[in-house]
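For reference, coords15.txt is printed below; it contains compact mmCIF, C-alpha atoms and all ligand atoms.
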```
# COMPACT_ATOMS: atom_id res chain seq x y z
CA MET A 1 109.97 69.62 11.46
CA ARG A 2 107.46 72.26 12.42
CA LYS A 3 105.82 69.83 14.88
CA VAL A 4 109.12 69.24 16.57
CA LEU A 5 109.67 72.99 16.90
CA ILE A 6 106.27 73.52 18.47
CA SER A 7 106.61 70.64 20.86
CA SER A 8 110.07 71.74 21.95
CA PHE A 9 108.70 75.27 22.36
CA ILE A 10 105.88 73.91 24.53
CA GLY A 11 108.42 71.80 26.40
CA ALA A 12 110.58 74.82 27.10
CA LEU A 13 107.52 76.81 28.16
CA LEU A 14 106.49 74.06 30.55
CA ILE A 15 109.98 74.00 32.02
CA VAL A 16 109.84 77.78 32.56
CA LEU A 17 106.33 77.60 34.03
CA GLY A 18 107.43 74.68 36.16
CA GLY A 19 110.37 76.72 37.32
CA ILE A 20 108.14 79.66 38.20
CA TRP A 21 105.79 77.26 40.01
CA PHE A 22 108.78 75.75 41.81
CA LEU A 23 109.98 79.19 42.91
CA TYR A 24 106.70 80.94 43.67
CA GLY A 25 103.85 78.42 43.77
CA ASN A 26 102.31 77.79 47.17
CA LEU A 27 104.48 80.58 48.54
CA GLU A 28 103.42 81.48 52.08
CA VAL A 29 104.93 84.43 53.89
CA ASP A 30 103.98 85.69 57.33
CA VAL A 31 105.36 88.80 58.99
CA LYS A 32 104.74 88.73 62.73
CA VAL A 33 104.73 92.06 64.55
CA PRO A 34 104.26 92.24 68.35
CA PRO A 35 101.44 94.45 69.75
CA SER A 36 104.13 96.78 71.20
CA ALA A 37 104.58 98.11 67.64
CA ASP A 38 101.02 99.50 67.62
CA ILE A 39 102.24 102.72 69.22
CA LEU A 40 105.78 103.88 68.51
CA ALA A 41 107.77 106.28 70.68
CA ALA A 42 110.53 108.67 69.59
CA LYS A 43 113.04 105.85 69.94
CA GLU A 44 111.92 102.27 69.90
CA THR A 45 113.25 98.76 69.49
CA ILE A 46 111.07 96.82 67.09
CA LYS A 47 111.26 93.05 66.99
CA LEU A 48 109.59 91.25 64.14
CA SER A 49 109.87 87.89 62.49
CA ILE A 50 109.55 86.83 58.85
CA GLU A 51 108.35 83.29 58.28
CA THR A 52 108.25 81.67 54.84
CA ASN A 53 107.88 78.15 53.50
CA LYS A 54 110.14 78.93 50.51
CA ALA A 55 113.41 80.79 50.69
CA THR A 56 114.24 82.14 47.27
CA PRO A 57 117.04 84.42 46.18
CA PHE A 58 114.82 85.92 43.45
CA THR A 59 112.29 87.28 45.92
CA LYS A 60 113.02 90.11 48.29
CA ILE A 61 111.02 91.42 51.19
CA LYS A 62 110.82 94.97 52.47
CA VAL A 63 109.29 96.01 55.78
CA PHE A 64 108.85 99.73 56.34
CA ILE A 65 106.89 102.45 58.09
CA GLN A 66 105.14 105.03 55.93
CA GLN A 67 103.57 108.35 56.80
CA ASP A 68 102.55 110.75 53.99
CA ASN A 69 105.56 110.63 51.66
CA LYS A 70 108.12 109.64 54.31
CA THR A 71 109.29 106.08 54.74
CA LEU A 72 111.60 104.36 57.20
CA THR A 73 112.87 100.91 56.25
CA LEU A 74 113.04 98.31 59.03
CA TYR A 75 114.30 95.51 56.80
CA GLU A 76 115.03 94.90 53.14
CA GLY A 77 116.64 91.70 51.88
CA ASP A 78 116.23 88.18 50.56
CA LEU A 79 113.11 86.33 51.57
CA GLN A 80 113.99 83.80 54.21
CA ASN A 81 113.07 82.97 57.78
CA ARG A 82 114.56 85.56 60.05
CA GLU A 83 114.16 87.47 63.31
CA ILE A 84 114.68 91.21 63.07
CA GLU A 85 115.49 93.51 65.94
CA GLU A 86 115.88 97.11 64.88
CA VAL A 87 116.23 100.31 66.85
CA ILE A 88 114.27 103.00 65.05
CA LYS A 89 114.14 106.74 65.68
CA THR A 90 110.79 107.97 64.42
CA LYS A 91 111.38 111.59 65.37
CA GLU A 92 114.79 111.78 63.69
CA ALA A 93 113.28 110.16 60.58
CA GLY A 94 110.93 113.17 60.33
CA PHE A 95 107.68 111.49 61.32
CA LYS A 96 104.98 113.55 62.98
CA ASP A 97 102.82 112.41 65.90
CA GLY A 98 99.76 110.68 64.49
CA LYS A 99 98.77 107.78 62.30
CA ALA A 100 101.20 105.86 60.09
CA GLU A 101 101.35 102.48 58.40
CA LEU A 102 103.58 99.48 58.88
CA ILE A 103 103.91 97.78 55.51
CA ALA A 104 105.51 94.51 54.39
CA GLU A 105 106.02 94.07 50.66
CA LEU A 106 107.24 91.10 48.62
CA ILE A 107 109.35 92.12 45.61
CA PHE A 108 109.29 89.60 42.76
CA PRO A 109 111.39 90.03 39.59
CA PHE A 110 108.46 91.60 37.72
CA HIS A 111 105.98 92.81 40.31
CA LYS A 112 105.39 93.72 43.95
CA GLU A 113 102.81 92.48 46.39
CA ILE A 114 101.84 94.01 49.73
CA ILE A 115 101.33 91.24 52.29
CA LEU A 116 100.88 93.34 55.44
CA LYS A 117 99.41 96.78 55.99
CA LYS A 118 98.85 97.73 59.58
CA GLU A 119 97.79 101.06 60.99
CA ILE A 120 100.03 102.26 63.79
CA VAL A 121 100.37 105.44 65.85
CA ILE A 122 103.49 107.51 66.28
CA ASP A 123 103.68 109.29 69.61
CA THR A 124 106.95 111.02 70.40
CA THR A 125 105.64 113.36 73.08
CA PRO A 126 106.57 112.36 76.64
CA PRO A 127 103.74 112.47 79.17
CA SER A 128 103.31 115.58 81.27
CA ILE A 129 103.69 115.45 85.06
CA ASP A 130 102.28 118.07 87.44
CA ILE A 131 103.09 117.57 91.09
CA VAL A 132 99.90 118.34 92.99
CA GLU A 133 100.83 117.19 96.49
CA LYS A 134 104.07 116.23 98.22
CA PRO A 135 105.59 116.44 101.69
CA ARG A 136 107.97 119.36 102.16
CA ARG A 137 110.27 117.19 104.24
CA LEU A 138 110.39 113.67 105.63
CA ILE A 139 112.09 112.28 108.70
CA ILE A 140 113.61 108.81 108.20
CA GLY A 141 110.72 106.33 108.48
CA GLU A 142 108.00 108.96 108.06
CA PRO A 143 105.18 108.41 105.54
CA GLY A 144 104.21 111.08 103.02
CA VAL A 145 101.49 111.51 100.40
CA VAL A 146 102.39 112.26 96.78
CA ALA A 147 99.76 113.20 94.19
CA VAL A 148 100.44 113.96 90.54
CA LYS A 149 98.39 114.91 87.50
CA THR A 150 99.51 113.48 84.17
CA SER A 151 98.50 113.63 80.53
CA PRO A 152 95.79 111.05 79.74
CA ASP A 153 97.88 108.47 77.84
CA VAL A 154 100.00 107.44 80.86
CA ASP A 155 100.59 103.74 81.31
CA LYS A 156 102.83 103.64 84.42
CA VAL A 157 103.72 106.33 86.93
CA TYR A 158 105.80 105.98 90.08
CA VAL A 159 108.12 107.75 92.49
CA GLN A 160 111.70 106.49 92.24
CA LEU A 161 114.23 106.74 95.05
CA GLY A 162 117.42 104.88 94.26
CA LYS A 163 116.34 101.29 93.81
CA ALA A 164 112.97 101.83 95.52
CA LYS A 165 109.76 102.35 93.56
CA PHE A 166 106.58 103.79 95.08
CA TYR A 167 103.83 103.20 92.52
CA LEU A 168 101.31 105.99 91.96
CA LEU A 169 97.78 104.56 91.77
CA PRO A 170 94.78 105.98 89.85
CA PHE A 171 92.77 108.24 92.16
CA LYS A 172 90.37 110.14 89.91
CA GLY A 173 90.67 111.11 86.25
CA ASN A 174 94.31 111.84 85.54
CA ILE A 175 95.18 112.20 89.23
CA TYR A 176 97.41 109.53 90.75
CA LYS A 177 98.28 109.18 94.44
CA THR A 178 100.56 107.10 96.59
CA ILE A 179 102.32 106.89 99.93
CA ILE A 180 106.09 107.15 100.05
CA THR A 181 108.58 107.05 102.90
CA ALA A 182 112.22 107.92 103.59
CA PRO A 183 113.63 104.40 104.05
CA LEU A 184 116.50 103.51 106.38
CA PHE A 185 118.84 102.99 103.42
CA LEU A 186 119.03 106.79 103.10
CA LEU A 187 121.19 106.78 106.26
CA LYS A 188 123.90 104.99 104.28
CA LYS A 189 123.53 106.84 101.00
CA PRO A 190 121.50 110.04 100.33
CA GLN A 191 119.31 109.85 97.22
CA ASN A 192 116.73 112.05 95.48
CA TYR A 193 113.09 111.37 94.68
CA TYR A 194 111.86 111.54 91.07
CA VAL A 195 108.45 111.05 89.52
CA ILE A 196 108.68 108.85 86.44
CA ALA A 197 105.80 108.56 83.96
CA ILE A 198 105.78 106.24 80.96
CA ASP A 199 103.12 106.50 78.26
CA LYS A 200 101.67 103.70 76.15
CA ALA A 201 104.20 104.36 73.37
CA GLY A 202 107.06 104.04 75.88
CA ASN A 203 108.03 107.74 76.07
CA ILE A 204 109.46 108.49 79.50
CA ALA A 205 109.10 111.70 81.49
CA GLU A 206 110.99 112.44 84.68
CA ARG A 207 110.39 115.17 87.26
CA PHE A 208 112.58 115.93 90.25
CA LEU A 209 110.52 115.72 93.44
CA PRO A 210 112.11 118.06 95.96
CA ILE A 211 111.69 116.62 99.44
CA GLN A 212 114.07 117.50 102.23
CA ILE A 213 115.25 114.43 104.16
CA LYS A 214 115.74 114.85 107.86
CA LEU A 215 118.23 112.29 109.12
CA LYS A 216 117.60 110.97 112.57
CA LYS A 217 119.95 109.33 115.03
CA PHE A 218 118.57 106.04 116.24
CA HIS A 219 119.49 104.03 119.33
CA GLN A 220 122.60 101.92 119.27
CA ARG A 221 122.64 98.71 121.24
CA LYS A 222 125.41 96.24 121.96
CA ILE A 223 124.23 92.66 122.32
CA TYR A 224 126.58 90.07 123.83
CA PHE A 225 125.96 86.45 122.89
CA ASP A 226 127.16 83.46 124.90
CA LYS A 227 127.78 80.11 123.20
CA GLU A 228 124.42 78.70 124.27
CA THR A 229 122.43 81.63 122.83
CA LEU A 230 124.32 81.58 119.56
CA GLU A 231 123.68 77.83 119.28
CA ARG A 232 119.98 78.36 119.91
CA ILE A 233 119.84 80.92 117.08
CA VAL A 234 121.78 78.74 114.64
CA LEU A 235 119.67 75.65 115.42
CA LYS A 236 116.57 77.59 114.35
CA PHE A 237 117.89 77.64 110.79
CA PHE A 238 120.37 74.75 110.54
CA PRO A 239 120.23 71.12 111.72
CA THR A 240 123.63 71.21 113.49
CA PRO A 241 125.32 73.92 115.60
CA ASP A 242 128.83 73.52 114.08
CA ASN A 243 130.60 76.47 112.38
CA LEU A 244 128.63 78.74 114.68
CA LEU A 245 130.02 82.08 113.55
CA GLU A 246 129.81 81.32 109.86
CA LYS A 247 126.20 80.16 110.20
CA PHE A 248 125.19 83.13 112.37
CA GLN A 249 126.66 85.50 109.82
CA LYS A 250 124.76 83.80 107.04
CA ILE A 251 121.50 84.25 108.98
CA ASN A 252 122.29 87.87 109.81
CA THR A 253 123.31 88.93 106.28
CA LYS A 254 122.07 86.59 103.56
CA PHE A 255 118.80 85.63 105.26
CA ARG A 256 118.04 89.27 106.11
CA GLN A 257 118.69 90.33 102.51
CA GLU A 258 116.45 87.54 101.26
CA ALA A 259 113.69 88.76 103.58
CA ASP A 260 114.07 92.37 102.37
CA LYS A 261 113.82 91.25 98.76
CA LYS A 262 110.79 89.10 99.45
CA LEU A 263 108.95 91.98 101.18
CA VAL A 264 109.47 94.27 98.18
CA GLU A 265 108.20 91.47 95.94
CA ILE A 266 105.08 90.85 98.07
CA CYS A 267 104.30 94.57 98.39
CA LYS A 268 104.64 95.39 94.68
CA GLN A 269 100.89 95.48 94.27
CA SER A 270 98.49 97.43 96.43
CA GLU A 271 94.86 98.43 96.03
CA ASN A 272 93.80 101.98 95.19
CA ARG A 273 91.21 101.65 97.89
CA LEU A 274 91.96 102.92 101.38
CA TYR A 275 90.92 100.22 103.86
CA ALA A 276 92.67 101.87 106.83
CA LYS A 277 90.72 104.25 109.05
CA GLY A 278 91.95 106.07 112.16
CA ARG A 279 95.11 105.21 114.03
CA PHE A 280 96.85 101.85 113.70
CA LEU A 281 96.62 99.68 116.82
CA GLN A 282 99.66 98.81 118.83
CA LEU A 283 99.04 95.23 119.98
CA PRO A 284 96.68 95.93 122.96
CA GLY A 285 98.35 95.42 126.36
CA SER A 286 101.83 94.96 124.87
CA GLU A 287 105.12 96.62 125.86
CA PRO A 288 107.64 97.75 123.23
CA THR A 289 111.02 96.08 123.76
CA ALA A 290 112.81 97.40 120.64
CA TYR A 291 112.13 100.26 118.26
CA TYR A 292 112.40 101.11 114.57
CA GLY A 293 115.91 102.06 113.52
CA ASP A 294 117.64 100.45 116.54
CA HIS A 295 121.18 99.73 115.39
CA ARG A 296 122.31 96.49 116.98
CA TYR A 297 125.91 95.36 117.26
CA TYR A 298 126.40 91.68 118.05
CA TYR A 299 129.41 90.51 120.11
CA TYR A 300 130.74 87.03 120.83
CA ASN A 301 133.87 86.29 122.88
CA GLY A 302 134.57 90.02 123.01
CA LYS A 303 134.56 90.37 119.22
CA LEU A 304 132.06 92.16 116.96
CA ILE A 305 130.48 89.42 114.81
CA GLY A 306 127.74 91.36 113.02
CA GLU A 307 125.24 94.21 113.08
CA SER A 308 121.68 94.93 111.97
CA VAL A 309 119.15 97.73 111.78
CA HIS A 310 115.70 97.01 113.20
CA LYS A 311 112.92 97.57 110.68
CA GLY A 312 109.90 97.49 112.98
CA ILE A 313 108.84 97.57 116.59
CA ASP A 314 109.02 94.56 118.95
CA LEU A 315 105.96 94.17 121.14
CA ALA A 316 105.94 91.69 124.04
CA LYS A 317 102.87 90.51 125.94
CA TYR A 318 102.66 86.89 127.11
CA ARG A 319 103.37 83.54 125.48
CA HIS A 320 101.14 82.84 122.45
CA ALA A 321 99.23 86.12 122.90
CA PRO A 322 96.55 86.80 120.28
CA VAL A 323 97.71 89.19 117.53
CA VAL A 324 95.21 91.62 116.00
CA ALA A 325 95.14 93.42 112.65
CA ALA A 326 96.44 96.95 113.31
CA ASN A 327 93.93 98.32 110.82
CA SER A 328 91.45 97.10 108.25
CA GLY A 329 92.82 95.66 105.05
CA ARG A 330 93.28 92.57 102.93
CA VAL A 331 95.66 89.71 103.78
CA VAL A 332 98.24 89.39 100.98
CA PHE A 333 100.69 86.95 102.57
CA THR A 334 100.83 84.22 105.18
CA GLY A 335 103.94 82.03 105.36
CA ARG A 336 107.56 81.76 106.40
CA ILE A 337 110.04 84.56 105.67
CA THR A 338 113.58 83.69 106.91
CA VAL A 339 114.34 85.98 109.91
CA TYR A 340 110.67 86.91 110.47
CA GLY A 341 109.56 83.28 110.79
CA ASN A 342 105.80 82.79 110.38
CA THR A 343 104.60 86.07 108.93
CA ILE A 344 101.33 87.76 107.95
CA ILE A 345 101.25 90.80 105.65
CA ILE A 346 98.12 92.97 105.24
CA ASP A 347 97.52 95.54 102.46
CA HIS A 348 95.76 98.67 103.74
CA GLY A 349 95.70 100.41 100.35
CA TYR A 350 97.89 102.91 98.45
CA GLY A 351 101.09 100.98 99.23
CA VAL A 352 100.71 100.78 103.03
CA PHE A 353 101.16 97.29 104.47
CA THR A 354 101.59 95.92 107.99
CA LEU A 355 103.79 92.93 108.82
CA TYR A 356 103.39 90.58 111.79
CA GLY A 357 106.46 88.38 112.43
CA HIS A 358 107.60 85.46 114.67
CA LEU A 359 104.02 84.13 114.80
CA ASN A 360 102.90 80.75 116.05
CA ASP A 361 99.92 80.36 113.73
CA PHE A 362 97.63 82.14 111.27
CA THR A 363 93.87 82.39 111.74
CA VAL A 364 93.34 84.22 108.43
CA LYS A 365 93.96 83.31 104.80
CA VAL A 366 95.45 85.18 101.82
CA GLY A 367 92.76 87.20 100.04
CA GLU A 368 90.65 87.57 103.17
CA GLU A 369 89.45 91.04 104.16
CA VAL A 370 90.15 91.76 107.85
CA LYS A 371 88.76 94.38 110.21
CA LYS A 372 90.82 96.53 112.55
CA GLY A 373 91.26 94.63 115.84
CA GLN A 374 90.42 91.21 114.38
CA VAL A 375 92.56 88.30 115.69
CA ILE A 376 94.81 87.06 112.88
CA GLY A 377 97.21 84.70 114.75
CA HIS A 378 99.29 84.26 117.92
CA THR A 379 102.79 85.30 119.01
CA ASP A 380 105.74 82.94 119.24
CA THR A 381 109.51 82.84 118.58
CA THR A 382 109.63 81.58 114.98
CA GLY A 383 112.43 83.06 112.83
CA LEU A 384 115.22 85.09 114.45
CA ALA A 385 113.58 85.62 117.87
CA LEU A 386 114.66 84.39 121.29
CA GLY A 387 111.78 85.47 123.51
CA ASP A 388 108.08 85.29 122.59
CA HIS A 389 107.08 88.61 120.99
CA LEU A 390 105.46 90.22 117.96
CA HIS A 391 107.66 91.94 115.41
CA PHE A 392 105.34 94.60 113.97
CA GLY A 393 106.38 96.40 110.83
CA VAL A 394 104.77 99.01 108.59
CA LEU A 395 105.91 98.66 104.99
CA ILE A 396 105.48 101.30 102.31
CA TRP A 397 105.68 99.44 99.01
CA GLY A 398 107.91 96.93 100.84
CA TYR A 399 110.19 99.50 102.55
CA ALA A 400 110.03 99.74 106.33
CA ALA A 401 108.49 102.88 107.83
CA ASN A 402 108.44 103.83 111.50
CA PRO A 403 105.31 102.29 113.13
CA LEU A 404 105.23 105.07 115.76
CA PHE A 405 103.88 107.51 113.13
CA PHE A 406 101.02 105.09 112.48
CA PHE A 407 100.09 104.75 116.16
CA ASP A 408 99.55 108.54 116.36
CA GLY A 409 95.98 109.41 115.35
CA HIS A 410 96.49 113.20 115.20
CA TYR A 411 99.59 112.85 113.09
CA LEU A 412 97.87 110.42 110.70
CA ASN A 413 94.80 112.61 110.27
CA TYR A 414 96.83 115.64 109.33
CA TYR A 415 99.69 114.20 107.27
CA PHE A 416 98.22 110.97 105.96
CA TYR A 417 94.43 110.76 105.67
CA LYS A 418 93.76 114.40 104.84
CA PRO A 419 96.13 114.70 101.85
CA LEU A 420 95.37 111.14 100.71
CA LEU A 421 91.60 111.57 100.64
CA LYS A 422 91.55 115.21 99.50
CA GLN A 423 89.62 115.67 96.28
CA ILE A 424 91.50 117.39 93.47
CA SER A 425 89.73 118.52 90.32
CA PRO A 426 91.01 116.17 87.60
ZN ZN B 1 111.79 92.80 115.65
```

Here is the file; what I need is its structure written in the form of structure tokens.
Ligand SMILES: [Zn+2]
Amino acid sequence: MRKVLISSFIGALLIVLGGIWFLYGNLEVDVKVPPSADILAAKETIKLSIETNKATPFTKIKVFIQQDNKTLTLYEGDLQNREIEEVIKTKEAGFKDGKAELIAELIFPFHKEIILKKEIVIDTTPPSIDIVEKPRRLIIGEPGVVAVKTSPDVDKVYVQLGKAKFYLLPFKGNIYKTIITAPLFLLKKPQNYYVIAIDKAGNIAERFLPIQIKLKKFHQRKIYFDKETLERIVLKFFPTPDNLLEKFQKINTKFRQEADKKLVEICKQSENRLYAKGRFLQLPGSEPTAYYGDHRYYYYNGKLIGESVHKGIDLAKYRHAPVVAANSGRVVFTGRITVYGNTIIIDHGYGVFTLYGHLNDFTVKVGEEVKKGQVIGHTDTTGLALGDHLHFGVLIWGYAANPLFFFDGHYLNYYFYKPLLKQISP
């Protein structure tokens, strides 16, 4: 009788132990936290994932942030595979700037086990921005130098104007500099400049950048197309010249917009090294045939069929004339861009680029460093061009500036090179 008791006791014990083994044996839990959680701002979205090979209702998991005796729970619930996305407010929770810990803890019926303990930093202080240099006013298309001094933990800093971003580049210590402009889109809608700085935690600081914009009236031109000319334009982009008006309008609106977008994309990155020196060269021996800001109205059969604003200067010489780099720099693009046809773009540093459109060929490659005056290709009529000419554009972070400012050596020395190269104690 006693034997039976013992053996049934052992049997029951084995069943319990087996049960415990079934529930907790070989239990593997992994809490994955992205590197963005290493530094937490005042308000932050934390994404983390819990991965386990055994989901059990008797085990809970708790993920929390702890600093001194304060805790903030990110998640507490049954242990199972799950993705967590939580908006946390460290400042409101009473945390101070400094070190804290991100902890994940498994809670079993009779004990707890810490499975993750990670040191993190709480930083709720937005970066500081001091404006060191800025133009007092800008005419549409004019370049200007902006310099700012920030606190040392800044990750990204730029000048924002509506949708346009002019990225401030490291100059020395905590000094950042860049070139901005007053783009043509300001003629349609006035906007204000702001300096935005984002630190490594993600805290954002914003400073109003007071710059007076001087609007300028540009030339207006009426251009009358005959059927033959319109067909020639359409055949440059489409295989057949049917639906002439519809196709012309697509070229003049959609293709132009695509080009604008592409230029901003290409000019998103610039070197914090100033390649340019002295005035920019107007294609030697060329005659300007159209200027920056020219507002063109297109007519066909007596009816207005479209309009456009010219974002560069047209320079005519002779057929297939050699094109030279307007200043020293690095080639960042060679290829086709809708209305500009075969195009070369050169980075001159600090967000200043030059664009050469309607080319026949390229004699330079992307990545190549070019010297001022070096032949880079030849003129043609590729893209939206009827006669052989060079479309020359100056782009500031992808936004068209007026090339005439860049052809003027005295102007450049005073308003461009001097403030850009000026040393400021960091
Ligand atoms: Zn042009």

Counting only C-alpha atoms and all ligand atoms, which protein, DNA or RNA residues come within 6 Å of ligand ZN 1 (chain B), given as an mmCIF file with C-alpha atoms, in the frame of the given file?
```cif
data_model
loop_
_atom_site.group_PDB
_atom_site.id
_atom_site.type_symbol
_atom_site.label_atom_id
_atom_site.label_comp_id
_atom_site.auth_asym_id
_atom_site.auth_seq_id
_atom_site.Cartn_x
_atom_site.Cartn_y
_atom_site.Cartn_z
ATOM 1 C CA GLY A 312 109.900 97.490 112.980
ATOM 2 C CA ILE A 313 108.840 97.570 116.590
ATOM 3 C CA ASP A 314 109.020 94.560 118.950
ATOM 4 C CA HIS A 391 107.660 91.940 115.410
#
```

Inset, instruction - Would you please work out which residue, of A:Pro239, A:Pro210, A:Gly144, A:Gly173, is nearest to A:Pro419 when using only C-alpha atoms? - result: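 Once distances to A:Pro419 are computed over only C-alpha atoms, the minimum belongs to A:Gly144.
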
Inset, instruction - Give the answer as one residue: which of A:Ala316, A:Ile46, A:Ala259, A:Ile131 has the shortest atom-to-atom distance to A:His389, using all atoms listed in the file? - result: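 Among the listed residues, the smallest separation from A:His389 belongs to A:Ala316.
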
Inset, instruction - Write out as number ranges by chain each polymer residue whose atoms come within 6 Å of stretch 82-94 of chain A, counting only C-alpha atoms; drop sequence neighbours fewer than 6 positions from it. - result: A: 42-50

Inset, instruction - Fewer than 6 positions away in the same chain doesn't count, so skip those; otherwise give me all residues within 7 Å of stretch 402-407 of chain A, counting all atoms listed in the file, as a PyMOL selection string. - result: chain A and resi 141-142+279-282+292+312-313+393-394

Legend entry - Nearest residue to A:Ile233 from the set A:Ile346, A:Leu390, A:Leu72, A:Ala385 (distances using all atoms listed in the file):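 Of A:Ile346, A:Leu390, A:Leu72, A:Ala385, the one nearest A:Ile233 is A:Ala385, counting all atoms listed in the file.
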
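Relative to atom CA of A:Tyr167, atom CA of A:Val264 is found at 12.0 Å.
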
Legend entry - Spatial neighbours of stretch 244-256 of chain A, max dist 7 Å, only C-alpha atoms, sep filter under 2 positions, as a ChimeraX atom specification: /A:231,234,241-242,258-260,306,338-339

Could you give me the axis-aligned bounding box of stretch 73-79 of chain A, with 3 Å of padding per side, as centre plus edge lengths in Å to one decimal, as JSON?
```
{"center_x": 114.8, "center_y": 93.6, "center_z": 54.8, "size_x": 9.8, "size_y": 20.6, "size_z": 14.5}
```

Inset, instruction - Find, counting all atoms listed in the file, the residue in A:Lys70, A:Tyr340, A:Leu283, A:Lys222 that gets nearest to A:Tyr299. - result: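 Checking each candidate against A:Tyr299, we get A:Lys222 as the closest.
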
Legend entry - A:Leu263, A:Ala41, A:Ala400, A:Leu138 ranked by distance to A:Phe95, top pick (using all atoms listed in the file):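 Closest residue, counting all atoms listed in the file: A:Ala41.
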
Inset, instruction - Have a look at A:Pro127, A:Pro170, A:Pro57, A:Gly409 and name the one nearest to A:Pro152; count only C-alpha atoms. - result: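 For A:Pro152, the nearest of the candidates is A:Pro127.
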
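In this structure, atom CA of A:Lys311 sits 12.3 Å away from atom CA of A:Gln257.
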
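Relative to atom CA of A:Glu105, atom CA of A:Asn69 is found at 16.6 Å.
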
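Residue neighbourhood of A:Ile114, excluding near-sequence residues (fewer than 6 positions): Ile61, Lys62, Val63, Ile103, Ala104, Glu105, Leu106 and Ile107 of chain A, at 10 Å, using only C-alpha atoms.
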
Expected file: the selected residues, C-alpha atoms, as a JSON list (two decimals), keeping the file's coordinate frame:
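Result saved to result_4.json:
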```json
[["chain", "number", "residue", "atom", "x", "y", "z"],
["A", 61, "ILE", "CA", 111.02, 91.42, 51.19],
["A", 62, "LYS", "CA", 110.82, 94.97, 52.47],
["A", 63, "VAL", "CA", 109.29, 96.01, 55.78],
["A", 103, "ILE", "CA", 103.91, 97.78, 55.51],
["A", 104, "ALA", "CA", 105.51, 94.51, 54.39],
["A", 105, "GLU", "CA", 106.02, 94.07, 50.66],
["A", 106, "LEU", "CA", 107.24, 91.10, 48.62],
["A", 107, "ILE", "CA", 109.35, 92.12, 45.61]]
```

Inset, instruction - Using all atoms listed in the file, give me every residue within 8 Å of (111.7, 110.7, 104.6) in file coordinates, as a VMD selection string. - result: chain A and resid 137 to 144 181 to 183 211 to 214

Inset, instruction - Identify, on the basis of only C-alpha atoms, every residue whose closest approach to A:Ile122 does not exceed 7 Å; exclude the query and any residue fewer than 5 positions from it along the same chain; express the result as a PyMOL selection string. - result: chain A and resi 39-41+97-100
